[in-house]
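Quick look at input.pdb (PDB, C-alpha atoms):
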```pdb
MODEL        1
ATOM      1  CA  MET A 485       0.000   0.000   0.000  1.00  0.00           C
ATOM      2  CA  SER A 486       1.445   3.431  -0.995  1.00  0.00           C
ATOM      3  CA  ASP A 487       1.800   6.469   1.280  1.00  0.00           C
ATOM      4  CA  SER A 488      -0.989   8.228  -0.590  1.00  0.00           C
ATOM      5  CA  ASP A 489      -3.380   5.289   0.085  1.00  0.00           C
ATOM      6  CA  THR A 490      -2.494   5.392   3.774  1.00  0.00           C
ATOM      7  CA  ALA A 491      -3.156   9.110   3.904  1.00  0.00           C
ATOM      8  CA  LYS A 492      -6.541   8.567   2.228  1.00  0.00           C
ATOM      9  CA  ASN A 493      -7.526   5.919   4.831  1.00  0.00           C
ATOM     10  CA  GLU A 494      -6.506   8.251   7.676  1.00  0.00           C
ATOM     11  CA  LYS A 495      -8.643  11.018   6.167  1.00  0.00           C
ATOM     12  CA  GLN A 496     -11.602   8.644   5.836  1.00  0.00           C
ATOM     13  CA  VAL A 497     -11.295   7.662   9.510  1.00  0.00           C
ATOM     14  CA  GLU A 498     -10.796  11.190  10.849  1.00  0.00           C
ATOM     15  CA  PRO A 499     -14.455  12.309  10.665  1.00  0.00           C
ATOM     16  CA  GLU A 500     -15.509   9.181  12.626  1.00  0.00           C
ATOM     17  CA  VAL A 501     -12.793   9.752  15.234  1.00  0.00           C
ATOM     18  CA  GLU A 502     -13.761  13.408  15.547  1.00  0.00           C
ATOM     19  CA  LYS A 503     -17.375  12.375  16.050  1.00  0.00           C
ATOM     20  CA  GLU A 504     -16.336   9.955  18.856  1.00  0.00           C
ATOM     21  CA  LEU A 505     -14.081  12.526  20.554  1.00  0.00           C
ATOM     22  CA  LYS A 506     -16.571  15.361  20.353  1.00  0.00           C
ATOM     23  CA  GLY A 507     -16.811  17.065  23.735  1.00  0.00           C
ATOM     24  CA  VAL A 508     -13.445  15.800  25.031  1.00  0.00           C
ATOM     25  CA  PRO A 509     -11.202  18.723  26.142  1.00  0.00           C
ATOM     26  CA  GLU A 510      -8.332  19.410  23.748  1.00  0.00           C
ATOM     27  CA  SER A 511      -5.751  19.286  26.549  1.00  0.00           C
ATOM     28  CA  MET A 512      -6.630  15.622  27.116  1.00  0.00           C
ATOM     29  CA  LEU A 513      -6.433  14.855  23.423  1.00  0.00           C
ATOM     30  CA  ASP A 514      -2.957  16.399  23.188  1.00  0.00           C
ATOM     31  CA  ASP A 515      -1.749  14.365  26.197  1.00  0.00           C
ATOM     32  CA  ALA A 516      -3.074  11.174  24.648  1.00  0.00           C
ATOM     33  CA  ASP A 517      -1.281  11.943  21.379  1.00  0.00           C
ATOM     34  CA  GLU A 518       1.964  12.648  23.225  1.00  0.00           C
ATOM     35  CA  ASP A 519       1.624   9.433  25.308  1.00  0.00           C
ATOM     36  CA  THR A 520       1.047   7.402  22.156  1.00  0.00           C
ATOM     37  CA  ALA A 521       4.003   9.029  20.465  1.00  0.00           C
ATOM     38  CA  ASP A 522       6.253   8.470  23.497  1.00  0.00           C
ATOM     39  CA  ALA A 523       5.260   4.805  23.852  1.00  0.00           C
ATOM     40  CA  GLY A 524       8.344   2.969  22.655  1.00  0.00           C
ATOM     41  CA  GLU A 525       9.550  -0.567  22.515  1.00  0.00           C
ATOM     42  CA  GLY A 526      10.681  -0.415  26.180  1.00  0.00           C
ATOM     43  CA  ASP A 527       7.155   0.255  27.426  1.00  0.00           C
ATOM     44  CA  ILE A 528       5.701  -2.541  25.327  1.00  0.00           C
ATOM     45  CA  SER A 529       8.277  -5.076  26.537  1.00  0.00           C
ATOM     46  CA  ASP A 530       7.687  -3.971  30.163  1.00  0.00           C
ATOM     47  CA  ALA A 531       3.933  -4.402  29.702  1.00  0.00           C
ATOM     48  CA  LEU A 532       4.463  -7.784  28.056  1.00  0.00           C
ATOM     49  CA  SER A 533       6.741  -8.883  30.904  1.00  0.00           C
ATOM     50  CA  ALA A 534       4.152  -7.762  33.487  1.00  0.00           C
ATOM     51  CA  LEU A 535       1.430  -9.686  31.656  1.00  0.00           C
ATOM     52  CA  LYS A 536       3.627 -12.813  31.582  1.00  0.00           C
ATOM     53  CA  ASN A 537       4.235 -12.483  35.338  1.00  0.00           C
ATOM     54  CA  ASP A 538       0.509 -12.064  35.966  1.00  0.00           C
ATOM     55  CA  LEU A 539      -0.228 -15.115  33.817  1.00  0.00           C
ATOM     56  CA  GLU A 540       2.348 -17.207  35.718  1.00  0.00           C
ATOM     57  CA  ALA A 541       0.936 -16.060  39.065  1.00  0.00           C
ATOM     58  CA  SER A 542      -2.589 -16.927  37.900  1.00  0.00           C
ATOM     59  CA  LYS A 543      -1.428 -20.389  36.801  1.00  0.00           C
ATOM     60  CA  GLN A 544       0.105 -20.985  40.254  1.00  0.00           C
ATOM     61  CA  GLU A 545      -3.087 -19.838  41.971  1.00  0.00           C
ATOM     62  CA  VAL A 546      -5.139 -22.229  39.823  1.00  0.00           C
ATOM     63  CA  LEU A 547      -2.763 -25.106  40.680  1.00  0.00           C
ATOM     64  CA  TYR A 548      -2.985 -24.308  44.418  1.00  0.00           C
ATOM     65  CA  ALA A 549      -6.773 -24.074  44.200  1.00  0.00           C
ATOM     66  CA  ARG A 550      -6.952 -27.446  42.412  1.00  0.00           C
ATOM     67  CA  ALA A 551      -4.671 -29.046  45.021  1.00  0.00           C
ATOM     68  CA  GLU A 552      -6.750 -27.624  47.875  1.00  0.00           C
ATOM     69  CA  THR A 553      -9.967 -28.833  46.234  1.00  0.00           C
ATOM     70  CA  GLN A 554      -8.432 -32.301  45.855  1.00  0.00           C
ATOM     71  CA  ASN A 555      -7.421 -32.309  49.535  1.00  0.00           C
ATOM     72  CA  VAL A 556     -10.900 -31.227  50.641  1.00  0.00           C
ATOM     73  CA  ARG A 557     -12.470 -33.948  48.465  1.00  0.00           C
ATOM     74  CA  ARG A 558     -10.156 -36.604  49.955  1.00  0.00           C
ATOM     75  CA  ARG A 559     -10.925 -35.427  53.503  1.00  0.00           C
ATOM     76  CA  LEU A 560     -14.664 -35.581  52.805  1.00  0.00           C
ATOM     77  CA  GLU A 561     -14.347 -39.072  51.306  1.00  0.00           C
ATOM     78  CA  LYS A 562     -12.412 -40.217  54.406  1.00  0.00           C
ATOM     79  CA  ASP A 563     -15.017 -38.647  56.716  1.00  0.00           C
ATOM     80  CA  VAL A 564     -17.814 -40.432  54.838  1.00  0.00           C
ATOM     81  CA  ALA A 565     -15.925 -43.762  54.949  1.00  0.00           C
ATOM     82  CA  ASP A 566     -15.279 -43.324  58.692  1.00  0.00           C
ATOM     83  CA  ALA A 567     -18.912 -42.424  59.304  1.00  0.00           C
ATOM     84  CA  ARG A 568     -19.976 -45.648  57.563  1.00  0.00           C
ATOM     85  CA  ALA A 569     -17.333 -47.810  59.271  1.00  0.00           C
ATOM     86  CA  TYR A 570     -17.922 -46.472  62.775  1.00  0.00           C
ATOM     87  CA  ALA A 571     -21.637 -45.649  62.601  1.00  0.00           C
ATOM     88  CA  ALA A 572     -22.479 -48.391  65.102  1.00  0.00           C
ATOM     89  CA  THR A 573     -19.924 -47.235  67.712  1.00  0.00           C
ATOM     90  CA  GLY A 574     -22.374 -45.628  70.136  1.00  0.00           C
ATOM     91  CA  PHE A 575     -24.877 -48.470  69.869  1.00  0.00           C
ATOM     92  CA  ALA A 576     -22.155 -51.126  70.194  1.00  0.00           C
ATOM     93  CA  ARG A 577     -20.768 -49.444  73.321  1.00  0.00           C
ATOM     94  CA  ASP A 578     -24.250 -49.409  74.861  1.00  0.00           C
ATOM     95  CA  ILE A 579     -25.008 -53.039  73.979  1.00  0.00           C
ATOM     96  CA  LEU A 580     -21.760 -54.284  75.569  1.00  0.00           C
ATOM     97  CA  SER A 581     -23.385 -54.152  79.025  1.00  0.00           C
ATOM     98  CA  VAL A 582     -26.147 -56.427  77.694  1.00  0.00           C
ATOM     99  CA  SER A 583     -23.465 -58.812  76.427  1.00  0.00           C
ATOM    100  CA  ASP A 584     -21.711 -58.692  79.825  1.00  0.00           C
ATOM    101  CA  ASN A 585     -24.927 -59.548  81.663  1.00  0.00           C
ATOM    102  CA  LEU A 586     -25.679 -62.385  79.271  1.00  0.00           C
ATOM    103  CA  ALA A 587     -22.159 -63.782  79.749  1.00  0.00           C
ATOM    104  CA  ARG A 588     -22.529 -63.564  83.534  1.00  0.00           C
ATOM    105  CA  ALA A 589     -25.900 -65.343  83.311  1.00  0.00           C
ATOM    106  CA  VAL A 590     -24.401 -68.198  81.283  1.00  0.00           C
ATOM    107  CA  ASP A 591     -21.351 -68.489  83.567  1.00  0.00           C
ATOM    108  CA  SER A 592     -23.487 -68.534  86.739  1.00  0.00           C
ATOM    109  CA  ILE A 593     -25.627 -71.513  85.706  1.00  0.00           C
ATOM    110  CA  PRO A 594     -24.685 -74.434  87.999  1.00  0.00           C
ATOM    111  CA  GLU A 595     -23.610 -77.675  86.337  1.00  0.00           C
ATOM    112  CA  GLU A 596     -26.509 -79.639  87.842  1.00  0.00           C
ATOM    113  CA  LEU A 597     -29.040 -77.270  86.185  1.00  0.00           C
ATOM    114  CA  ARG A 598     -27.288 -77.700  82.847  1.00  0.00           C
ATOM    115  CA  GLU A 599     -27.911 -81.439  83.120  1.00  0.00           C
ATOM    116  CA  ASP A 600     -31.493 -81.086  84.430  1.00  0.00           C
ATOM    117  CA  ASP A 601     -34.023 -81.912  81.689  1.00  0.00           C
ATOM    118  CA  LYS A 602     -36.314 -79.084  82.840  1.00  0.00           C
ATOM    119  CA  PHE A 603     -33.618 -76.422  82.322  1.00  0.00           C
ATOM    120  CA  LYS A 604     -31.657 -77.830  79.369  1.00  0.00           C
ATOM    121  CA  GLY A 605     -33.748 -75.902  76.838  1.00  0.00           C
ATOM    122  CA  LEU A 606     -33.459 -72.642  78.790  1.00  0.00           C
ATOM    123  CA  VAL A 607     -29.682 -72.987  79.142  1.00  0.00           C
ATOM    124  CA  ALA A 608     -29.312 -73.869  75.438  1.00  0.00           C
ATOM    125  CA  GLY A 609     -31.422 -70.815  74.513  1.00  0.00           C
ATOM    126  CA  ILE A 610     -29.314 -68.426  76.617  1.00  0.00           C
ATOM    127  CA  GLU A 611     -26.084 -69.862  75.179  1.00  0.00           C
ATOM    128  CA  ALA A 612     -27.477 -69.595  71.621  1.00  0.00           C
ATOM    129  CA  THR A 613     -28.408 -65.953  72.282  1.00  0.00           C
ATOM    130  CA  ARG A 614     -24.876 -65.247  73.492  1.00  0.00           C
ATOM    131  CA  ARG A 615     -23.361 -66.897  70.378  1.00  0.00           C
ATOM    132  CA  GLU A 616     -25.712 -64.906  68.120  1.00  0.00           C
ATOM    133  CA  LEU A 617     -24.726 -61.658  69.837  1.00  0.00           C
ATOM    134  CA  ASP A 618     -21.028 -62.472  69.329  1.00  0.00           C
ATOM    135  CA  LYS A 619     -21.747 -63.227  65.643  1.00  0.00           C
ATOM    136  CA  VAL A 620     -23.521 -59.881  65.182  1.00  0.00           C
ATOM    137  CA  PHE A 621     -20.611 -58.101  66.875  1.00  0.00           C
ATOM    138  CA  GLY A 622     -18.246 -59.783  64.423  1.00  0.00           C
ATOM    139  CA  GLN A 623     -20.351 -58.703  61.430  1.00  0.00           C
ATOM    140  CA  HIS A 624     -20.008 -55.076  62.553  1.00  0.00           C
ATOM    141  CA  GLY A 625     -16.274 -55.254  63.260  1.00  0.00           C
ATOM    142  CA  VAL A 626     -16.635 -55.471  67.050  1.00  0.00           C
ATOM    143  CA  THR A 627     -14.026 -57.884  68.437  1.00  0.00           C
ATOM    144  CA  ARG A 628     -13.030 -58.907  71.928  1.00  0.00           C
ATOM    145  CA  ILE A 629      -9.584 -57.841  73.124  1.00  0.00           C
ATOM    146  CA  ALA A 630      -7.256 -60.670  74.125  1.00  0.00           C
ATOM    147  CA  ALA A 631      -5.970 -60.124  77.644  1.00  0.00           C
ATOM    148  CA  MET A 632      -5.263 -63.207  79.776  1.00  0.00           C
ATOM    149  CA  GLY A 633      -1.602 -64.211  79.855  1.00  0.00           C
ATOM    150  CA  LEU A 634      -0.494 -61.238  77.741  1.00  0.00           C
ATOM    151  CA  PRO A 635       1.703 -58.318  78.828  1.00  0.00           C
ATOM    152  CA  LEU A 636      -0.291 -55.273  79.913  1.00  0.00           C
ATOM    153  CA  ASP A 637      -0.967 -53.004  76.923  1.00  0.00           C
ATOM    154  CA  PRO A 638      -2.078 -49.549  78.132  1.00  0.00           C
ATOM    155  CA  ASN A 639      -3.736 -48.938  74.748  1.00  0.00           C
ATOM    156  CA  LEU A 640      -6.068 -51.927  75.239  1.00  0.00           C
ATOM    157  CA  HIS A 641      -6.020 -52.845  78.928  1.00  0.00           C
ATOM    158  CA  GLN A 642      -6.804 -50.867  82.058  1.00  0.00           C
ATOM    159  CA  ALA A 643      -5.016 -52.241  85.138  1.00  0.00           C
ATOM    160  CA  MET A 644      -7.354 -52.236  88.116  1.00  0.00           C
ATOM    161  CA  LEU A 645      -5.164 -54.071  90.631  1.00  0.00           C
ATOM    162  CA  GLU A 646      -1.857 -55.878  91.072  1.00  0.00           C
ATOM    163  CA  ILE A 647      -1.868 -59.520  92.102  1.00  0.00           C
ATOM    164  CA  PRO A 648       1.233 -61.121  93.697  1.00  0.00           C
ATOM    165  CA  SER A 649       2.228 -64.124  91.577  1.00  0.00           C
ATOM    166  CA  ASP A 650       5.151 -66.560  91.385  1.00  0.00           C
ATOM    167  CA  ASP A 651       3.863 -68.115  88.157  1.00  0.00           C
ATOM    168  CA  ALA A 652       3.577 -65.021  85.906  1.00  0.00           C
ATOM    169  CA  GLU A 653       6.033 -62.330  84.903  1.00  0.00           C
ATOM    170  CA  PRO A 654       5.371 -58.948  86.513  1.00  0.00           C
ATOM    171  CA  GLY A 655       3.118 -56.856  84.281  1.00  0.00           C
ATOM    172  CA  THR A 656       1.351 -59.913  82.808  1.00  0.00           C
ATOM    173  CA  VAL A 657      -2.459 -59.970  82.819  1.00  0.00           C
ATOM    174  CA  VAL A 658      -3.576 -62.710  85.218  1.00  0.00           C
ATOM    175  CA  GLN A 659      -7.215 -61.712  85.778  1.00  0.00           C
ATOM    176  CA  GLU A 660      -9.899 -60.146  83.565  1.00  0.00           C
ATOM    177  CA  MET A 661     -12.688 -58.379  85.424  1.00  0.00           C
ATOM    178  CA  GLN A 662     -14.407 -57.030  82.310  1.00  0.00           C
ATOM    179  CA  ALA A 663     -13.819 -57.896  78.659  1.00  0.00           C
ATOM    180  CA  GLY A 664     -12.543 -55.161  76.367  1.00  0.00           C
ATOM    181  CA  TYR A 665     -13.598 -54.617  72.777  1.00  0.00           C
ATOM    182  CA  THR A 666     -12.447 -52.804  69.640  1.00  0.00           C
ATOM    183  CA  ILE A 667     -14.527 -51.687  66.673  1.00  0.00           C
ATOM    184  CA  ARG A 668     -12.402 -52.209  63.583  1.00  0.00           C
ATOM    185  CA  ASP A 669      -9.121 -50.523  64.529  1.00  0.00           C
ATOM    186  CA  ARG A 670     -10.514 -48.269  67.293  1.00  0.00           C
ATOM    187  CA  LEU A 671     -10.851 -48.979  71.001  1.00  0.00           C
ATOM    188  CA  LEU A 672     -14.476 -49.365  72.028  1.00  0.00           C
ATOM    189  CA  ARG A 673     -13.848 -50.267  75.661  1.00  0.00           C
ATOM    190  CA  PRO A 674     -10.604 -51.254  77.420  1.00  0.00           C
ATOM    191  CA  ALA A 675     -10.354 -54.600  79.189  1.00  0.00           C
ATOM    192  CA  LEU A 676     -10.363 -54.170  82.979  1.00  0.00           C
ATOM    193  CA  VAL A 677      -7.607 -56.434  84.260  1.00  0.00           C
ATOM    194  CA  GLY A 678      -5.446 -57.486  87.178  1.00  0.00           C
ATOM    195  CA  VAL A 679      -1.713 -57.727  86.523  1.00  0.00           C
ATOM    196  CA  ALA A 680       0.932 -59.865  88.162  1.00  0.00           C
ATOM    197  CA  LYS A 681       3.553 -58.433  90.463  1.00  0.00           C
ATOM    198  CA  LYS A 682       6.420 -60.008  92.396  1.00  0.00           C
ATOM    199  CA  PRO A 683       5.268 -61.435  95.724  1.00  0.00           C
ATOM    200  CA  GLY A 684       5.932 -58.989  98.562  1.00  0.00           C
TER     201      GLY A 684
ENDMDL
END
```
Exercise: express the given structure as structure tokens:
Amino acid sequence: MSDSDTAKNEKQVEPEVEKELKGVPESMLDDADEDTADAGEGDISDALSALKNDLEASKQEVLYARAETQNVRRRLEKDVADARAYAATGFARDILSVSDNLARAVDSIPEELREDDKFKGLVAGIEATRRELDKVFGQHGVTRIAAMGLPLDPNLHQAMLEIPSDDAEPGTVVQEMQAGYTIRDRLLRPALVGVAKKPG
């Protein structure tokens, strides 16, 4: 395109520009012309560099936001899984006293009543109920804590008394007053135990 063509295009545009700028003070128009004229390559490269920095910062912010969202999602998924796995905790803790009473009832039945024809059915029914309760506990991840003959584990056992003993190592569980239970990998109730100590 020749210089004369360029000049023609500028003249064609001028009336439209004048129409747009009508009412703008001339002092502002002069400043704008000077600013445009003064804008050199340095200003453009500075602006480009600033834009690149802004873009990089925005990318980092997006990455951090994605990571945080991922972490929140994982935490929520874990909370939901825990809620499902341990939903029965409160109920299981409450029903343990029922299990204790049932166990005491079975253990307190004298041998002669177990053999008596009148009571055989009753004894069998109580024992079957106890077995069924243990089965239901197992289905919900509730398991009895092993205690007798094991070293005292403060995470699972609660020592209630010390018992002098020549047969067991000091610190070994030699008596269980109340069974302890876990639900999956969490303690539901510690076992109440007596531990051996050296005779006085």
Show me, as a Markdown table, the residues of region 551-613 of chain A having an atom within 9 Å of region 622-637 of chain A, each with the closest atom pair and its distance in Å, using only C-alpha atoms.
```
| residue | atom | partner | partner_atom | distance |
| --- | --- | --- | --- | --- |
| A:Ala569 | CA | A:His624 | CA | 8.4 |
| A:Tyr570 | CA | A:His624 | CA | 8.9 |
| A:Ala572 | CA | A:His624 | CA | 7.6 |
| A:Thr573 | CA | A:Val626 | CA | 8.9 |
| A:Ala576 | CA | A:Val626 | CA | 7.7 |
```
Close residues, region 670-675 of chain A itself excluded, 9 Å, only C-alpha atoms, min 2 positions apart in chain, as a PyMOL selection string: chain A and resi 570+573-574+576-577+580+626+628-631+638-643+660-668+677
Selection to disk with C-alpha atoms, as a PDB file, in the coordinates of the input:
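Listed below is the output, out-v9.pdb:
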```
ATOM      1  CA  TYR A 570     -17.922 -46.472  62.775  1.00  0.00           C
ATOM      2  CA  THR A 573     -19.924 -47.235  67.712  1.00  0.00           C
ATOM      3  CA  GLY A 574     -22.374 -45.628  70.136  1.00  0.00           C
ATOM      4  CA  ALA A 576     -22.155 -51.126  70.194  1.00  0.00           C
ATOM      5  CA  ARG A 577     -20.768 -49.444  73.321  1.00  0.00           C
ATOM      6  CA  LEU A 580     -21.760 -54.284  75.569  1.00  0.00           C
ATOM      7  CA  VAL A 626     -16.635 -55.471  67.050  1.00  0.00           C
ATOM      8  CA  ARG A 628     -13.030 -58.907  71.928  1.00  0.00           C
ATOM      9  CA  ILE A 629      -9.584 -57.841  73.124  1.00  0.00           C
ATOM     10  CA  ALA A 630      -7.256 -60.670  74.125  1.00  0.00           C
ATOM     11  CA  ALA A 631      -5.970 -60.124  77.644  1.00  0.00           C
ATOM     12  CA  PRO A 638      -2.078 -49.549  78.132  1.00  0.00           C
ATOM     13  CA  ASN A 639      -3.736 -48.938  74.748  1.00  0.00           C
ATOM     14  CA  LEU A 640      -6.068 -51.927  75.239  1.00  0.00           C
ATOM     15  CA  HIS A 641      -6.020 -52.845  78.928  1.00  0.00           C
ATOM     16  CA  GLN A 642      -6.804 -50.867  82.058  1.00  0.00           C
ATOM     17  CA  ALA A 643      -5.016 -52.241  85.138  1.00  0.00           C
ATOM     18  CA  GLU A 660      -9.899 -60.146  83.565  1.00  0.00           C
ATOM     19  CA  MET A 661     -12.688 -58.379  85.424  1.00  0.00           C
ATOM     20  CA  GLN A 662     -14.407 -57.030  82.310  1.00  0.00           C
ATOM     21  CA  ALA A 663     -13.819 -57.896  78.659  1.00  0.00           C
ATOM     22  CA  GLY A 664     -12.543 -55.161  76.367  1.00  0.00           C
ATOM     23  CA  TYR A 665     -13.598 -54.617  72.777  1.00  0.00           C
ATOM     24  CA  THR A 666     -12.447 -52.804  69.640  1.00  0.00           C
ATOM     25  CA  ILE A 667     -14.527 -51.687  66.673  1.00  0.00           C
ATOM     26  CA  ARG A 668     -12.402 -52.209  63.583  1.00  0.00           C
ATOM     27  CA  VAL A 677      -7.607 -56.434  84.260  1.00  0.00           C
TER      28      VAL A 677
END
```
Here's the selection I'm unsure about, the PyMOL selection byres ((chain A and resi 654) around 9); applied to the file above, which residues does it give, as a VMD selection string? chain A and resid 635 648 to 649 652 to 653 655 to 657 679 to 682
Tell me, as a list in words, which residues lie within 8 Å of Val590 (chain A), counting all atoms listed in the file; anything in the same chain fewer than 3 positions away does not count.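 Using all atoms listed in the file, the neighbours found are Leu586, Ala587, Ile593, Val607, Ile610 and Glu611 of chain A.
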What is the CA of Glu599 (chain A) to CA of Phe621 (chain A) distance in Å?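 Computed distance, CA of Glu599 (chain A) to CA of Phe621 (chain A), equals 29.4 Å.
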What would region 619-639 of chain A look like with N, CA and C atoms restored, written as a PDB file, in the coordinates of the input?
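File written: rebuild-v4.pdb
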```
ATOM      1  N   LYS A 619     -21.765 -63.190  67.115  1.00  0.00           N
ATOM      2  CA  LYS A 619     -21.747 -63.227  65.643  1.00  0.00           C
ATOM      3  C   LYS A 619     -22.091 -61.847  65.064  1.00  0.00           C
ATOM      4  N   VAL A 620     -23.111 -61.225  65.653  1.00  0.00           N
ATOM      5  CA  VAL A 620     -23.521 -59.881  65.182  1.00  0.00           C
ATOM      6  C   VAL A 620     -22.403 -58.867  65.442  1.00  0.00           C
ATOM      7  N   PHE A 621     -21.760 -58.972  66.598  1.00  0.00           N
ATOM      8  CA  PHE A 621     -20.611 -58.101  66.875  1.00  0.00           C
ATOM      9  C   PHE A 621     -19.557 -58.267  65.781  1.00  0.00           C
ATOM     10  N   GLY A 622     -19.262 -59.508  65.451  1.00  0.00           N
ATOM     11  CA  GLY A 622     -18.246 -59.783  64.423  1.00  0.00           C
ATOM     12  C   GLY A 622     -18.618 -59.189  63.069  1.00  0.00           C
ATOM     13  N   GLN A 623     -19.900 -59.253  62.716  1.00  0.00           N
ATOM     14  CA  GLN A 623     -20.351 -58.703  61.430  1.00  0.00           C
ATOM     15  C   GLN A 623     -20.150 -57.189  61.358  1.00  0.00           C
ATOM     16  N   HIS A 624     -20.157 -56.533  62.519  1.00  0.00           N
ATOM     17  CA  HIS A 624     -20.008 -55.076  62.553  1.00  0.00           C
ATOM     18  C   HIS A 624     -18.605 -54.648  62.998  1.00  0.00           C
ATOM     19  N   GLY A 625     -17.662 -55.582  62.961  1.00  0.00           N
ATOM     20  CA  GLY A 625     -16.274 -55.254  63.260  1.00  0.00           C
ATOM     21  C   GLY A 625     -15.961 -55.093  64.735  1.00  0.00           C
ATOM     22  N   VAL A 626     -16.870 -55.559  65.604  1.00  0.00           N
ATOM     23  CA  VAL A 626     -16.635 -55.471  67.050  1.00  0.00           C
ATOM     24  C   VAL A 626     -15.990 -56.779  67.504  1.00  0.00           C
ATOM     25  N   THR A 627     -14.743 -56.679  68.019  1.00  0.00           N
ATOM     26  CA  THR A 627     -14.026 -57.884  68.437  1.00  0.00           C
ATOM     27  C   THR A 627     -13.535 -57.750  69.872  1.00  0.00           C
ATOM     28  N   ARG A 628     -13.474 -58.885  70.539  1.00  0.00           N
ATOM     29  CA  ARG A 628     -13.030 -58.907  71.928  1.00  0.00           C
ATOM     30  C   ARG A 628     -11.507 -58.780  71.975  1.00  0.00           C
ATOM     31  N   ILE A 629     -11.030 -58.050  72.961  1.00  0.00           N
ATOM     32  CA  ILE A 629      -9.584 -57.841  73.124  1.00  0.00           C
ATOM     33  C   ILE A 629      -9.014 -59.021  73.913  1.00  0.00           C
ATOM     34  N   ALA A 630      -7.943 -59.601  73.394  1.00  0.00           N
ATOM     35  CA  ALA A 630      -7.256 -60.670  74.125  1.00  0.00           C
ATOM     36  C   ALA A 630      -6.523 -60.039  75.305  1.00  0.00           C
ATOM     37  N   ALA A 631      -6.594 -60.702  76.448  1.00  0.00           N
ATOM     38  CA  ALA A 631      -5.970 -60.124  77.644  1.00  0.00           C
ATOM     39  C   ALA A 631      -5.208 -61.148  78.472  1.00  0.00           C
ATOM     40  N   MET A 632      -5.850 -62.242  78.845  1.00  0.00           N
ATOM     41  CA  MET A 632      -5.263 -63.207  79.776  1.00  0.00           C
ATOM     42  C   MET A 632      -3.923 -63.748  79.277  1.00  0.00           C
ATOM     43  N   GLY A 633      -2.917 -63.668  80.167  1.00  0.00           N
ATOM     44  CA  GLY A 633      -1.602 -64.211  79.855  1.00  0.00           C
ATOM     45  C   GLY A 633      -0.731 -63.315  79.000  1.00  0.00           C
ATOM     46  N   LEU A 634      -1.257 -62.162  78.581  1.00  0.00           N
ATOM     47  CA  LEU A 634      -0.494 -61.238  77.741  1.00  0.00           C
ATOM     48  C   LEU A 634       0.096 -60.110  78.589  1.00  0.00           C
ATOM     49  N   PRO A 635       1.181 -59.489  78.112  1.00  0.00           N
ATOM     50  CA  PRO A 635       1.703 -58.318  78.828  1.00  0.00           C
ATOM     51  C   PRO A 635       0.675 -57.186  78.788  1.00  0.00           C
ATOM     52  N   LEU A 636       0.646 -56.405  79.842  1.00  0.00           N
ATOM     53  CA  LEU A 636      -0.291 -55.273  79.913  1.00  0.00           C
ATOM     54  C   LEU A 636      -0.023 -54.307  78.771  1.00  0.00           C
ATOM     55  N   ASP A 637      -1.059 -53.985  78.001  1.00  0.00           N
ATOM     56  CA  ASP A 637      -0.967 -53.004  76.923  1.00  0.00           C
ATOM     57  C   ASP A 637      -1.857 -51.823  77.308  1.00  0.00           C
ATOM     58  N   PRO A 638      -1.247 -50.678  77.671  1.00  0.00           N
ATOM     59  CA  PRO A 638      -2.078 -49.549  78.132  1.00  0.00           C
ATOM     60  C   PRO A 638      -3.036 -49.014  77.076  1.00  0.00           C
ATOM     61  N   ASN A 639      -2.817 -49.366  75.809  1.00  0.00           N
ATOM     62  CA  ASN A 639      -3.736 -48.938  74.748  1.00  0.00           C
ATOM     63  C   ASN A 639      -5.005 -49.787  74.711  1.00  0.00           C
TER      64      ASN A 639
END
```
